[in-house]
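**Q** Below are the structure tokens for one structure; questions will follow.
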Amino acid sequence: MEPIYRPLCSWSNCRGVLIVGIGTVIVLFITPSFVHAQFNGRSPQGALSSQHTGLATDHQNLGLDHRQIHQKLETLLETMKTMTTTTPAPLCGAGTDGQRYVLSEDGQSVCDKTTGHHWEQSPSTLTFNQENARAHCERLEGGYRLPGIKELATVIDYSVGNQAALLNAGPFSGIDYADYWTATPYAPITTASWAINFRNGDFKQAVNWTPSFKTWCVR
């Protein structure tokens with residue numbers, strides 16, 4: 001009679017045992033080489049010691065950077081304190097804080113403290129067309145020019161009715177109840193410019209060859 005061989009366990013029962021065994025063999029063969037590669041041939045203890053030294057060095061470097069940043073912040077704060085406590089010089093010179101218009105020492109010009117513009121103390125009594133008005137201002141000593149519409153409007157005070165009377169009551173003289181040229185073109189008409197009337201402060205447009213307007217120069 002032939003011997004009968006019976007398996008110790010079926011495939012379904014032994015499959016788990018086989019897998020565990022194969023896994024154990026793989027771990028035993030692979031783990032030493034994996035550890036060796038991870039620590040670059042050094043022992044795990046040596047690798048950890050090296051990492052600790054690197055972290056300590058990084059901490060020192062961060063500490064040095066932190067101190068430098070702190071010093072820069074302190075310097076910046078001191079600079080900001082100086083900026084906020086420094087009072088800008090008056091546009092028209094020292095000692096002029098309490099007045100808007102300041103007459104120059106030679107009496108030829110008046111400084112407007114609100115804008116820093118210097119106006120003729122007494123403009124010409126002649127009338128000009130717009131081109132001649134420009135030329136007249138540029139001939140004056142001191143770098144005068146014909147003002148733009150926004151510049152000339154800064155001397156208008158719409159809380160009063162008579163602009164010329166108001167200005168002549170201050171440091172100016174010779175301001176007339178007339179139309180004064182500006183250097184600002186009137187865009188819809190290339191041959192026209194803006195002007196301001198110094199009786200009521202109205203803006204108006206006129207062709208540049210109009211000969212009856214006056215001029216008040218600024219620098």
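If you're wondering about the labels, chains in the structure tokens are A, B, ... by order shown, residues count from 1 in each chain, ligands from 1 in order shown.
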Tell me which protein, DNA and RNA residues are within 7 Å of A:Asn197, counting only C-alpha atoms, leaving out same-chain ones fewer than 3 positions away, and put them as an MDAnalysis selection string.
**A** chainID A and resid 178:180 200:203
**Q** Under the rule that only C-alpha atoms are counted, which of A:Glu138, A:Asp176, A:Glu151, A:Glu74 is the nearest residue to A:Thr114?
**A**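 Among A:Glu138, A:Asp176, A:Glu151, A:Glu74, it is A:Glu151 that comes nearest to A:Thr114.
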**Q** One number please: atom CA of A:Gly107 to atom CA of A:Gly143, in Å, one decimal.
**A**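 Those two atoms sit 16.4 Å apart.
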**Q** Find the residues around A:Gln108 up to 10 Å (only C-alpha atoms counted), leave out those fewer than 6 positions away in its own chain, and share them as JSON, numbers by chain.
**A** {"A": [118, 119, 120, 121, 122, 123, 172]}
**Q** Mind giving me the straight-line distance from atom CA of A:Glu131 to atom CA of A:Leu103 in Å, one decimal?
**A**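 Between these atoms lies a distance of 28.7 Å.
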**Q** Nearest to A:Val218 among A:Gln71, A:Gln130, A:Thr115, A:Gln163, with distances taken over only C-alpha atoms: which residue is it?
**A**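 Comparing A:Gln71, A:Gln130, A:Thr115, A:Gln163 against A:Val218, the winner is A:Thr115.
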**Q** One decimal, Å: what's the distance from atom CA of A:His117 over to atom CA of A:Ile149, could you say?
**A**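 Atom CA of A:Ile149 lies 13.6 Å from atom CA of A:His117.
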**Q** Among stretch 87-126 of chain A, which ones does DSSP assign to strand (DSSP E or B) (computed from the backbone)? Answer as a PyMOL selection string.
**A** chain A and resi 101-103+109-112+118-120
**Q** List every residue of stretch 82-162 of chain A that has an atom at most 12 Å from any atom of stretch 181-196 of chain A, and for each one report the closest atom pair and its distance in Å to one decimal, counting only C-alpha atoms, with rows sorted by chain and then by increasing residue number, as a Markdown table.
**A**
```
| residue | atom | partner | partner_atom | distance |
| --- | --- | --- | --- | --- |
| A:Thr127 | CA | A:Trp181 | CA | 9.8 |
| A:Phe128 | CA | A:Trp181 | CA | 8.6 |
| A:Asn129 | CA | A:Trp181 | CA | 8.3 |
| A:Gln130 | CA | A:Trp181 | CA | 6.4 |
| A:Glu131 | CA | A:Ala183 | CA | 9.2 |
| A:Asn132 | CA | A:Trp181 | CA | 10.2 |
| A:Ala133 | CA | A:Trp181 | CA | 7.2 |
| A:Arg134 | CA | A:Ala183 | CA | 7.5 |
| A:Ala135 | CA | A:Ala183 | CA | 11.2 |
| A:His136 | CA | A:Trp181 | CA | 11.7 |
| A:Cys137 | CA | A:Ala183 | CA | 10.9 |
| A:Arg145 | CA | A:Ala183 | CA | 8.7 |
| A:Leu146 | CA | A:Ala183 | CA | 5.7 |
| A:Pro147 | CA | A:Thr182 | CA | 5.4 |
| A:Gly148 | CA | A:Ala183 | CA | 4.8 |
| A:Ile149 | CA | A:Thr182 | CA | 5.5 |
| A:Lys150 | CA | A:Thr184 | CA | 8.7 |
| A:Glu151 | CA | A:Thr182 | CA | 8.8 |
| A:Leu152 | CA | A:Thr182 | CA | 7.3 |
| A:Ala153 | CA | A:Ile196 | CA | 7.7 |
| A:Thr154 | CA | A:Ile196 | CA | 11.2 |
| A:Val155 | CA | A:Ile196 | CA | 10.8 |
| A:Ile156 | CA | A:Ile196 | CA | 9.3 |
```
**Q** Near A:Lys113, counting only C-alpha atoms, which residues have an atom at most 8 Å away, once you skip same-chain residues fewer than 4 positions from it, shown as a PyMOL selection string?
**A** chain A and resi 90-92+96+99-102+117
